[in-house]
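Structure data follow from work01.txt (compact mmCIF, C-alpha atoms and all ligand atoms):
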```txt
# COMPACT_ATOMS: atom_id res chain seq x y z
CA MET N 16 247.39 177.28 157.08
CA ASP N 17 246.59 179.90 154.47
CA PHE N 18 249.53 181.66 152.87
CA ILE N 19 249.61 185.41 153.54
CA PRO N 20 251.49 187.15 150.71
CA TYR N 21 253.62 190.27 151.32
CA ALA N 22 251.47 192.17 148.82
CA THR N 23 248.48 191.61 146.58
CA GLN N 24 246.04 193.58 144.44
CA SER N 25 242.47 194.46 145.33
CA ILE N 26 239.93 194.06 142.50
CA ASN N 27 236.25 194.80 143.12
CA ASP N 28 233.03 194.77 141.05
CA ASP N 29 233.55 198.37 139.90
CA ASP N 30 236.96 197.39 138.50
CA LEU N 31 235.42 194.39 136.72
CA ALA N 32 232.63 196.55 135.26
CA ALA N 33 235.16 199.13 134.03
CA VAL N 34 237.21 196.46 132.24
CA ARG N 35 234.10 194.86 130.74
CA GLU N 36 232.99 198.25 129.43
CA ALA N 37 236.42 198.87 127.89
CA LEU N 38 236.37 195.46 126.22
CA THR N 39 233.04 196.20 124.53
CA SER N 40 233.70 199.88 123.72
CA GLY N 41 235.24 199.27 120.32
CA TRP N 42 238.73 200.28 121.46
CA LEU N 43 241.29 197.89 122.86
CA THR N 44 244.64 199.56 122.33
CA GLN N 45 245.22 203.18 123.34
CA GLY N 46 241.87 204.97 122.90
CA PRO N 47 239.67 207.34 124.92
CA ALA N 48 240.20 205.55 128.27
CA VAL N 49 243.92 206.41 128.25
CA PRO N 50 243.54 210.23 128.27
CA ARG N 51 240.69 209.89 130.77
CA PHE N 52 242.98 207.96 133.14
CA GLU N 53 245.84 210.40 132.47
CA GLN N 54 243.66 213.39 133.34
CA ALA N 55 242.33 211.79 136.53
CA PHE N 56 245.87 210.81 137.57
CA ALA N 57 247.22 214.30 136.86
CA GLN N 58 244.39 215.84 138.87
CA ARG N 59 244.94 213.56 141.88
CA HIS N 60 248.67 214.34 141.81
CA GLU N 61 248.17 218.09 141.19
CA VAL N 62 250.41 218.04 138.13
CA ALA N 63 249.89 219.49 134.66
CA HIS N 64 250.76 216.46 132.51
CA ALA N 65 250.54 212.69 132.85
CA VAL N 66 251.63 210.26 130.12
CA ALA N 67 250.49 206.64 130.50
CA VAL N 68 252.92 203.90 129.44
CA SER N 69 253.01 200.11 129.25
CA ASN N 70 254.93 199.80 132.54
CA ALA N 71 257.12 201.91 134.82
CA THR N 72 260.30 200.43 133.35
CA ALA N 73 259.28 201.81 129.93
CA GLY N 74 258.45 205.10 131.67
CA LEU N 75 261.91 205.28 133.23
CA HIS N 76 263.48 204.52 129.83
CA ILE N 77 261.70 207.28 127.89
CA ALA N 78 261.88 209.76 130.78
CA CYS N 79 265.67 209.27 130.86
CA LEU N 80 265.81 209.79 127.09
CA ALA N 81 263.56 212.85 127.19
CA LEU N 82 265.68 214.37 129.99
CA GLY N 83 268.83 213.94 127.92
CA ALA N 84 270.41 210.65 129.04
CA GLY N 85 272.70 209.12 126.43
CA PRO N 86 276.27 208.06 125.73
CA GLY N 87 278.74 210.20 127.67
CA LYS N 88 276.12 211.13 130.29
CA THR N 89 275.91 209.79 133.83
CA VAL N 90 272.78 208.97 135.80
CA TRP N 91 272.74 208.38 139.58
CA THR N 92 270.13 206.50 141.57
CA SER N 93 269.66 204.68 144.86
CA PRO N 94 271.23 201.25 145.41
CA ASN N 95 268.17 200.32 147.50
CA SER N 96 265.74 199.86 144.63
CA PHE N 97 264.47 197.55 141.94
CA VAL N 98 266.88 197.13 139.03
CA ALA N 99 264.56 199.08 136.68
CA SER N 100 265.61 202.33 138.43
CA SER N 101 269.05 202.13 136.87
CA ASN N 102 268.37 199.88 133.85
CA GLY N 103 266.36 202.71 132.24
CA ALA N 104 269.49 204.85 132.06
CA LEU N 105 271.61 201.98 130.71
CA TYR N 106 269.05 201.44 127.88
CA CYS N 107 269.90 205.01 126.76
CA GLY N 108 273.64 204.28 126.65
CA ALA N 109 274.32 206.42 129.72
CA SER N 110 276.56 205.22 132.51
CA VAL N 111 275.15 204.63 135.97
CA ASP N 112 276.34 205.23 139.50
CA PHE N 113 274.68 205.04 142.92
CA VAL N 114 274.36 207.29 145.96
CA ASP N 115 274.29 205.49 149.30
CA ILE N 116 271.16 205.55 151.43
CA ASP N 117 270.29 207.28 154.67
CA PRO N 118 270.10 204.37 157.13
CA VAL N 119 267.03 205.84 158.87
CA THR N 120 264.83 206.65 155.85
CA ARG N 121 266.38 203.98 153.58
CA ASN N 122 266.09 206.57 150.77
CA MET N 123 268.99 208.18 148.91
CA GLY N 124 270.82 210.23 151.55
CA VAL N 125 271.00 213.99 151.07
CA ALA N 126 274.39 214.19 152.81
CA ALA N 127 275.73 211.33 150.67
CA LEU N 128 274.40 213.02 147.53
CA SER N 129 275.93 216.35 148.47
CA GLU N 130 279.35 214.79 149.17
CA LYS N 131 279.31 212.76 145.97
CA LEU N 132 278.42 215.88 143.96
CA GLU N 133 281.33 217.83 145.47
CA GLN N 134 283.69 215.03 144.50
CA ALA N 135 282.16 214.71 141.01
CA GLU N 136 282.54 218.44 140.43
CA ARG N 137 286.22 218.22 141.30
CA ASP N 138 286.59 215.22 138.97
CA GLY N 139 284.53 216.83 136.17
CA CYS N 140 281.96 214.03 136.06
CA LEU N 141 278.71 215.52 137.39
CA PRO N 142 275.54 213.53 136.67
CA ALA N 143 273.01 214.68 134.05
CA ILE N 144 270.11 213.08 135.93
CA VAL N 145 269.59 211.91 139.52
CA ILE N 146 266.81 209.38 140.17
CA PRO N 147 265.70 209.42 143.83
CA VAL N 148 263.46 206.46 144.67
CA HIS N 149 260.61 206.98 147.15
CA PHE N 150 261.31 203.68 148.85
CA SER N 151 258.25 201.93 150.32
CA GLY N 152 256.11 204.98 149.48
CA MET N 153 257.79 207.50 151.74
CA ALA N 154 259.09 210.49 149.81
CA CYS N 155 262.76 211.37 149.63
CA ASP N 156 263.77 214.72 151.13
CA LEU N 157 263.13 216.65 147.92
CA VAL N 158 263.70 220.27 149.03
CA PRO N 159 267.48 219.92 149.57
CA MET N 160 267.69 217.62 146.52
CA ARG N 161 266.08 220.36 144.38
CA ALA N 162 268.55 222.90 145.77
CA LEU N 163 271.44 220.59 144.80
CA ALA N 164 269.92 220.05 141.34
CA ASP N 165 269.75 223.81 140.76
CA ARG N 166 273.29 224.32 142.04
CA TYR N 167 274.93 221.49 140.06
CA GLY N 168 272.65 221.55 137.01
CA PHE N 169 271.23 218.03 136.95
CA LYS N 170 267.64 216.93 136.33
CA ILE N 171 265.59 215.10 138.95
CA LEU N 172 263.62 212.08 137.77
CA GLU N 173 261.64 210.62 140.67
CA ASP N 174 261.16 206.87 140.67
CA ALA N 175 257.79 207.11 142.40
CA SER N 176 256.85 203.52 141.55
CA HIS N 177 256.00 202.89 145.23
CA ALA N 178 254.46 206.28 145.87
CA VAL N 179 251.18 206.64 143.94
CA GLY N 180 249.18 209.23 145.88
CA ALA N 181 251.89 209.81 148.49
CA SER N 182 252.71 213.34 149.62
CA TYR N 183 255.71 215.36 150.78
CA ASN N 184 255.27 218.62 152.70
CA ASN N 185 251.53 218.40 151.99
CA GLN N 186 251.91 218.20 148.23
CA PRO N 187 251.49 215.06 146.13
CA VAL N 188 254.67 213.38 144.98
CA GLY N 189 255.17 213.99 141.28
CA SER N 190 254.02 217.58 141.24
CA ARG N 191 256.62 219.94 142.51
CA TYR N 192 260.36 219.24 142.92
CA ALA N 193 261.22 216.84 140.12
CA ASP N 194 261.57 217.44 136.39
CA ALA N 195 259.60 214.23 135.81
CA SER N 196 258.24 211.38 137.93
CA VAL N 197 257.48 207.76 137.12
CA PHE N 198 254.78 205.63 138.80
CA SER N 199 254.15 201.87 138.53
CA PHE N 200 250.84 200.01 138.36
CA HIS N 201 252.28 196.51 138.83
CA PRO N 202 249.82 194.40 140.88
CA VAL N 203 251.86 194.67 144.09
CA LYS N 204 251.86 198.49 143.93
CA ILE N 205 249.25 200.96 145.23
CA VAL N 206 246.83 200.85 142.28
CA THR N 207 247.11 198.38 139.44
CA THR N 208 246.53 198.08 135.71
CA GLY N 209 248.08 194.59 135.49
CA GLU N 210 251.14 196.07 133.84
CA GLY N 211 251.33 199.83 133.51
CA GLY N 212 253.04 203.06 134.41
CA MET N 213 252.67 206.83 134.33
CA VAL N 214 255.13 209.67 133.79
CA THR N 215 254.16 213.08 135.21
CA THR N 216 255.71 216.48 134.58
CA GLN N 217 254.85 220.18 134.76
CA ASP N 218 256.72 220.75 131.48
CA ALA N 219 254.45 220.68 128.40
CA ALA N 220 257.32 220.23 125.92
CA LEU N 221 258.70 217.31 127.93
CA ALA N 222 255.25 215.71 128.07
CA ARG N 223 254.99 215.97 124.28
CA ARG N 224 258.42 214.34 123.85
CA LEU N 225 257.27 211.52 126.12
CA GLN N 226 254.06 211.03 124.09
CA LEU N 227 256.10 210.75 120.90
CA LEU N 228 258.66 208.35 122.40
CA ARG N 229 255.78 206.19 123.70
CA SER N 230 254.52 205.59 120.18
CA HIS N 231 257.37 205.10 117.65
CA GLY N 232 258.29 208.80 117.54
CA ILE N 233 255.31 209.27 115.23
CA THR N 234 253.16 212.40 115.01
CA ARG N 235 249.92 213.12 113.16
CA GLU N 236 249.56 216.65 114.61
CA GLN N 237 249.06 219.04 111.69
CA SER N 238 251.16 221.75 113.37
CA GLU N 239 254.12 219.39 113.86
CA LEU N 240 254.27 217.90 110.34
CA LEU N 241 257.12 218.86 108.01
CA HIS N 242 254.88 218.07 105.02
CA PRO N 243 251.34 218.88 106.20
CA ASP N 244 249.76 218.99 102.75
CA THR N 245 250.56 215.40 101.78
CA GLY N 246 247.14 213.90 102.50
CA ALA N 247 244.89 212.66 105.27
CA TRP N 248 246.79 209.35 105.54
CA HIS N 249 250.07 211.08 106.27
CA TYR N 250 252.05 210.73 109.48
CA GLU N 251 255.69 211.39 110.20
CA GLN N 252 258.29 209.73 112.38
CA HIS N 253 260.49 212.40 113.94
CA SER N 254 262.44 210.45 116.55
CA LEU N 255 263.30 206.82 117.34
CA GLY N 256 260.44 205.94 119.64
CA PHE N 257 259.02 202.67 120.92
CA ASN N 258 255.70 200.92 121.36
CA TYR N 259 255.25 201.65 125.06
CA ARG N 260 251.51 202.39 124.88
CA MET N 261 249.03 201.45 127.58
CA THR N 262 245.87 199.69 126.38
CA ASP N 263 242.37 201.07 126.96
CA ILE N 264 241.62 197.93 128.97
CA GLN N 265 244.46 198.74 131.37
CA ALA N 266 243.54 202.43 131.51
CA ALA N 267 239.91 201.61 132.34
CA LEU N 268 241.10 199.43 135.22
CA GLY N 269 243.53 202.14 136.33
CA HIS N 270 240.81 204.80 136.28
CA SER N 271 238.54 202.62 138.37
CA GLN N 272 241.35 201.77 140.81
CA LEU N 273 242.20 205.46 141.15
CA GLN N 274 238.64 206.15 142.39
CA ARG N 275 239.48 203.80 145.29
CA ILE N 276 242.88 205.25 146.18
CA GLU N 277 241.89 207.11 149.37
CA GLY N 278 240.44 203.87 150.76
CA PHE N 279 243.61 201.97 149.82
CA HIS N 280 245.76 204.59 151.54
CA ALA N 281 243.62 204.65 154.68
CA ALA N 282 243.68 200.86 154.98
CA ARG N 283 247.47 200.67 154.51
CA GLU N 284 248.06 203.54 156.93
CA ARG N 285 245.86 201.96 159.62
CA LEU N 286 247.66 198.62 159.28
CA ALA N 287 251.08 200.32 159.37
CA LYS N 288 250.17 202.13 162.61
CA ARG N 289 248.93 198.86 164.03
CA TYR N 290 252.25 197.19 163.13
CA ASP N 291 254.10 200.09 164.80
CA GLN N 292 252.26 199.34 168.06
CA LEU N 293 252.30 195.55 167.89
CA LEU N 294 256.01 195.34 167.02
CA ALA N 295 257.30 198.06 169.35
CA ASN N 296 258.88 195.68 171.86
CA LEU N 297 260.58 193.29 169.44
CA PRO N 298 264.27 193.56 168.43
CA LEU N 299 263.33 195.30 165.19
CA ARG N 300 264.01 198.67 163.60
CA LEU N 301 260.69 200.03 162.28
CA PRO N 302 260.09 202.35 159.32
CA ALA N 303 260.79 206.09 159.69
CA ARG N 304 257.90 208.53 159.48
CA VAL N 305 259.56 211.65 158.05
CA PRO N 306 261.88 212.12 155.06
CA GLY N 307 264.17 214.60 156.84
CA PRO N 308 264.43 217.42 159.38
CA GLY N 309 261.54 219.89 159.23
CA THR N 310 259.57 217.86 156.70
CA THR N 311 256.27 216.03 156.71
CA ALA N 312 255.16 213.19 154.51
CA ARG N 313 252.26 210.88 153.98
CA SER N 314 253.59 207.53 152.87
CA SER N 315 251.53 205.41 150.51
CA TRP N 316 252.79 202.40 152.55
CA HIS N 317 253.62 200.21 149.57
CA LEU N 318 255.87 198.20 151.90
CA TYR N 319 256.26 197.77 155.64
CA VAL N 320 259.93 196.90 156.12
CA VAL N 321 261.43 195.96 159.46
CA GLU N 322 265.12 195.44 160.11
CA VAL N 323 266.14 192.53 162.30
CA VAL N 324 268.56 194.20 164.71
CA PRO N 325 271.45 191.81 165.37
CA GLY N 326 272.01 190.78 168.97
CA PRO N 327 273.36 187.86 171.00
CA THR N 328 269.88 186.32 171.38
CA VAL N 329 268.48 187.38 167.98
CA PRO N 330 268.58 184.92 165.08
CA ASP N 331 269.90 186.32 161.81
CA ARG N 332 267.59 187.61 159.11
CA ALA N 333 267.88 184.47 156.95
CA THR N 334 266.67 182.34 159.86
CA VAL N 335 263.79 184.69 160.64
CA PHE N 336 262.87 184.76 156.95
CA ALA N 337 262.88 180.96 156.64
CA ARG N 338 260.85 180.49 159.83
CA LEU N 339 258.17 182.89 158.62
CA ARG N 340 257.92 181.36 155.15
CA GLU N 341 257.61 177.94 156.82
CA VAL N 342 254.44 179.02 158.61
CA GLY N 343 252.87 180.63 155.54
CA VAL N 344 253.88 184.25 156.10
CA GLY N 345 255.04 185.65 152.75
CA VAL N 346 257.94 187.83 153.77
CA ASN N 347 260.29 189.30 151.20
CA VAL N 348 263.49 191.36 150.95
CA HIS N 349 263.48 194.82 149.35
CA TYR N 350 266.18 195.11 148.13
CA GLU N 351 269.52 193.47 147.69
CA PRO N 352 271.58 196.46 146.44
CA ILE N 353 271.36 196.89 142.65
CA PRO N 354 275.16 197.32 142.24
CA LEU N 355 275.69 193.85 143.76
CA GLN N 356 273.58 192.13 141.09
CA PRO N 357 275.86 189.97 138.94
CA TYR N 358 275.15 192.14 135.87
CA TYR N 359 276.17 195.30 137.74
CA ARG N 360 279.23 193.61 139.22
CA GLY N 361 280.11 192.98 135.58
CA LEU N 362 280.04 196.75 135.06
CA GLY N 363 282.64 197.12 137.82
CA PHE N 364 280.60 197.58 141.00
CA HIS N 365 281.64 195.61 144.09
CA SER N 366 280.71 195.21 147.74
CA GLY N 367 281.92 197.88 150.12
CA GLN N 368 280.99 200.81 147.87
CA PHE N 369 277.57 201.49 149.43
CA PRO N 370 277.95 200.37 153.04
CA ALA N 371 274.65 201.77 154.37
CA ALA N 372 272.63 200.05 151.65
CA GLU N 373 274.50 196.79 152.25
CA ALA N 374 274.04 196.92 156.03
CA TYR N 375 270.35 197.65 155.59
CA ALA N 376 269.91 194.86 153.01
CA ALA N 377 271.44 192.32 155.39
CA GLN N 378 268.70 193.00 157.95
CA ALA N 379 265.64 194.02 155.92
CA LEU N 380 262.42 192.06 155.95
CA SER N 381 259.18 193.16 154.21
CA ILE N 382 256.18 191.84 156.09
CA PRO N 383 252.65 191.53 154.63
CA LEU N 384 250.83 194.80 153.96
CA TYR N 385 247.93 195.30 151.56
CA PRO N 386 244.44 196.82 151.87
CA SER N 387 242.54 193.55 152.34
CA LEU N 388 244.87 192.20 155.06
CA THR N 389 242.57 191.53 158.04
CA ASP N 390 243.39 192.23 161.67
CA PRO N 391 243.41 188.49 162.52
CA GLN N 392 245.82 187.87 159.60
CA GLN N 393 248.01 190.73 160.81
CA ASP N 394 247.92 189.30 164.33
CA ARG N 395 249.06 185.97 162.88
CA VAL N 396 252.01 187.72 161.17
CA VAL N 397 252.98 189.42 164.45
CA ALA N 398 252.70 186.17 166.43
CA ALA N 399 254.79 184.29 163.86
CA LEU N 400 257.41 187.06 163.82
CA THR N 401 257.57 187.06 167.63
CA VAL N 402 258.27 183.33 167.63
CA ALA N 403 260.72 183.57 164.71
CA LEU N 404 262.79 186.18 166.60
CA GLN N 405 263.37 183.88 169.56
CA ALA N 406 266.88 182.49 169.92
C1 LIG N 501 258.00 198.10 140.44
C2 LIG N 501 259.14 199.03 140.29
C3 LIG N 501 259.62 199.45 139.05
C4 LIG N 501 259.18 198.85 137.76
O1 LIG N 501 257.82 198.90 137.58
P1 LIG N 501 257.14 198.10 136.37
O2 LIG N 501 255.83 198.81 136.25
O3 LIG N 501 257.00 196.70 136.86
O4 LIG N 501 257.99 198.22 135.19
C5 LIG N 501 260.62 200.42 139.01
N1 LIG N 501 261.14 200.92 140.14
C6 LIG N 501 260.72 200.52 141.36
C7 LIG N 501 261.33 201.13 142.56
C8 LIG N 501 259.73 199.54 141.47
O5 LIG N 501 259.35 199.11 142.67
```
Exercise: express the given structure as structure tokens:
Amino acid sequence: MDFIPYATQSINDDDLAAVREALTSGWLTQGPAVPRFEQAFAQRHEVAHAVAVSNATAGLHIACLALGAGPGKTVWTSPNSFVASSNGALYCGASVDFVDIDPVTRNMGVAALSEKLEQAERDGCLPAIVIPVHFSGMACDLVPMRALADRYGFKILEDASHAVGASYNNQPVGSRYADASVFSFHPVKIVTTGEGGMVTTQDAALARRLQLLRSHGITREQSELLHPDTGAWHYEQHSLGFNYRMTDIQAALGHSQLQRIEGFHAARERLAKRYDQLLANLPLRLPARVPGPGTTARSSWHLYVVEVVPGPTVPDRATVFARLREVGVGVNVHYEPIPLQPYYRGLGFHSGQFPAAEAYAAQALSIPLYPSLTDPQQDRVVAALTVALQA
């Protein structure tokens, strides 16, 4: 039987034509396709500035730097995420801590954040940056998080890797409540550039810092040069930047993919609703639909994650997982808590610190969801899951 992956990209003839055109345009590395993609991305996300980077991990690194992470500073994120969410802060020499999740939304919990901030204020160790992760494409509850940021004086850096094109209270993620937001274009995500990422912000000065950090800290802008009269060859390095540029080939693909985003969203949303109906009577906890009380959201449905609710006649998650893989259904687990990774245990984290994230991780199962998944394939997933859940 054919293997159904949990996620896969969708590449059509328009995407192929865009890449072919980029390859023959005379530019390969960052050229005119990059700002074109940046502008289109900024427009779709209703944000002033978008800075394309080589991948979201690089974006998280330079966004942390640009927002002031460094030795002596602390950055908090969600334990229910990919390791890049916290690694970016460690690259800067900052220390990292985690805020437990809300068991319903699986996102960083507002109550947990608020309590941890109260404690940190008493202990004199407030974070410089908090990185909420829009897990599976559903936004975190950003209004109360913004209020806490203003009260305690930290920056918000959204890890919106899952949430390209998603919205919160009818506004695109990446536009309104965060100081900066990072998106990923890895092939399993909503739109792809092979490898790639984007940092958005409303702050022009921050966007300029990000552009410099993306390319060695080098400027050629006449108005920024300390020695502008040196000659036409002259450039200056003003900070310790990196080579985190996106290529024109990637940007051309990204621009083409972005033209298809509403179709991707509609397909994912339809399949998610269909899962909601088809799975309603199984011993599973299904994804939440709102980030918090009084909010609305449109998820980008990067992932459809069910939790296998333990019960006397319900096999454990590992058994369900193995049974599904055996019949060619590519399930996955998002995520084992970051602080329980061996590297993070080496930094002093241990089990028991983030009980909601651990309880969730013990039951979580990502089932296949991507725009080209057909109804018969989805029916096969549901049938296999039904059988796998039998005692
Ligand atoms: C995919 C992902 C990243 C890293 O993205 P890359 O583009 O692969 O570097 C970071 N955070 C989260 C939550 C992700 O899912």
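The neighbours of His149 (chain N) here are the residues that come within 7 Å of it, using only C-alpha atoms and leaving out any residue fewer than 4 positions away in the same chain; they are Asn122, Met153, Ala154, Cys155, Asp174, Ala175, His177 and Ala178 of chain N.
Distances to ligand LIG 501 (chain N) were evaluated for N:Ser314, N:Thr72, N:Gln54, N:Thr328 using all atoms listed in the file, and the minimum falls at N:Thr72.
Minimum atom-to-atom distances from N:Ser366, N:Ser315, N:Thr216, N:Gln252 to Ile171 (chain N) were compared using only C-alpha atoms, and the lowest value belongs to N:Thr216.
Residue nearest Gln392 (chain N), chosen from N:Ile146, N:Ala220, N:Val323, N:Tyr290 and counting all atoms listed in the file: N:Tyr290.
Selection of all polymer residues within 6 Å of ligand LIG 501 (chain N) on the basis of only C-alpha atoms and all ligand atoms gives Asn70, Ala71, Thr72, Ser96, Phe97, Ala99, Ser100, Asp174, Ser176, His177, Ser199, Phe200, His201, Glu210, Gly211 and Gly212 of chain N.
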Could you dump the residues just selected with C-alpha atoms as a PDB file, in the coordinates of the input?
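Dumped everything to selection24.pdb:
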```pdb
ATOM      1  CA  ASN N  70     254.930 199.800 132.540  1.00  0.00           C
ATOM      2  CA  ALA N  71     257.120 201.910 134.820  1.00  0.00           C
ATOM      3  CA  THR N  72     260.300 200.430 133.350  1.00  0.00           C
ATOM      4  CA  SER N  96     265.740 199.860 144.630  1.00  0.00           C
ATOM      5  CA  PHE N  97     264.470 197.550 141.940  1.00  0.00           C
ATOM      6  CA  ALA N  99     264.560 199.080 136.680  1.00  0.00           C
ATOM      7  CA  SER N 100     265.610 202.330 138.430  1.00  0.00           C
ATOM      8  CA  ASP N 174     261.160 206.870 140.670  1.00  0.00           C
ATOM      9  CA  SER N 176     256.850 203.520 141.550  1.00  0.00           C
ATOM     10  CA  HIS N 177     256.000 202.890 145.230  1.00  0.00           C
ATOM     11  CA  SER N 199     254.150 201.870 138.530  1.00  0.00           C
ATOM     12  CA  PHE N 200     250.840 200.010 138.360  1.00  0.00           C
ATOM     13  CA  HIS N 201     252.280 196.510 138.830  1.00  0.00           C
ATOM     14  CA  GLU N 210     251.140 196.070 133.840  1.00  0.00           C
ATOM     15  CA  GLY N 211     251.330 199.830 133.510  1.00  0.00           C
ATOM     16  CA  GLY N 212     253.040 203.060 134.410  1.00  0.00           C
TER      17      GLY N 212
END
```
Determine, using all atoms listed in the file, which residues of region 74-116 of chain N have any atom at most 12 Å from an atom of region 64-68 of chain N, and tabulate each with its shortest atom pair and distance in Å to one decimal place, rows ordered by chain and then rising number, as CSV.
```
residue,atom,partner,partner_atom,distance
N:Gly74,CA,N:Val68,CA,6.1
N:Leu75,CA,N:Val68,CA,9.9
N:His76,CA,N:Val68,CA,10.6
N:Ile77,CA,N:Val68,CA,9.5
N:Ala78,CA,N:Val66,CA,10.3
```
For this session: Point out the residue among N:Asn27, N:Gln134, N:Gln265, N:Ser182 with the least atom-to-atom distance to Leu157 (chain N), counting only C-alpha atoms.
Result: N:Ser182
For this session: Identify which of the residues N:Phe369, N:Trp316, N:Phe52, N:Phe336 lies closest to Gly180 (chain N), counting all atoms listed in the file when measuring atom-to-atom distances.
Result: N:Trp316
Problem set entry | 9 Å contact set for Val90 (chain N), only C-alpha atoms, chain neighbours under 3 positions out, as a ChimeraX atom specification | /N:79,84,101,104-105,109-113,141-146
Keeping only C-alpha atoms, take the residues you just selected and write them out as a compact mmCIF listing (two decimals), in the coordinates of the input.
```txt
# COMPACT_ATOMS: atom_id res chain seq x y z
CA CYS N 79 265.67 209.27 130.86
CA ALA N 84 270.41 210.65 129.04
CA SER N 101 269.05 202.13 136.87
CA ALA N 104 269.49 204.85 132.06
CA LEU N 105 271.61 201.98 130.71
CA ALA N 109 274.32 206.42 129.72
CA SER N 110 276.56 205.22 132.51
CA VAL N 111 275.15 204.63 135.97
CA ASP N 112 276.34 205.23 139.50
CA PHE N 113 274.68 205.04 142.92
CA LEU N 141 278.71 215.52 137.39
CA PRO N 142 275.54 213.53 136.67
CA ALA N 143 273.01 214.68 134.05
CA ILE N 144 270.11 213.08 135.93
CA VAL N 145 269.59 211.91 139.52
CA ILE N 146 266.81 209.38 140.17
```
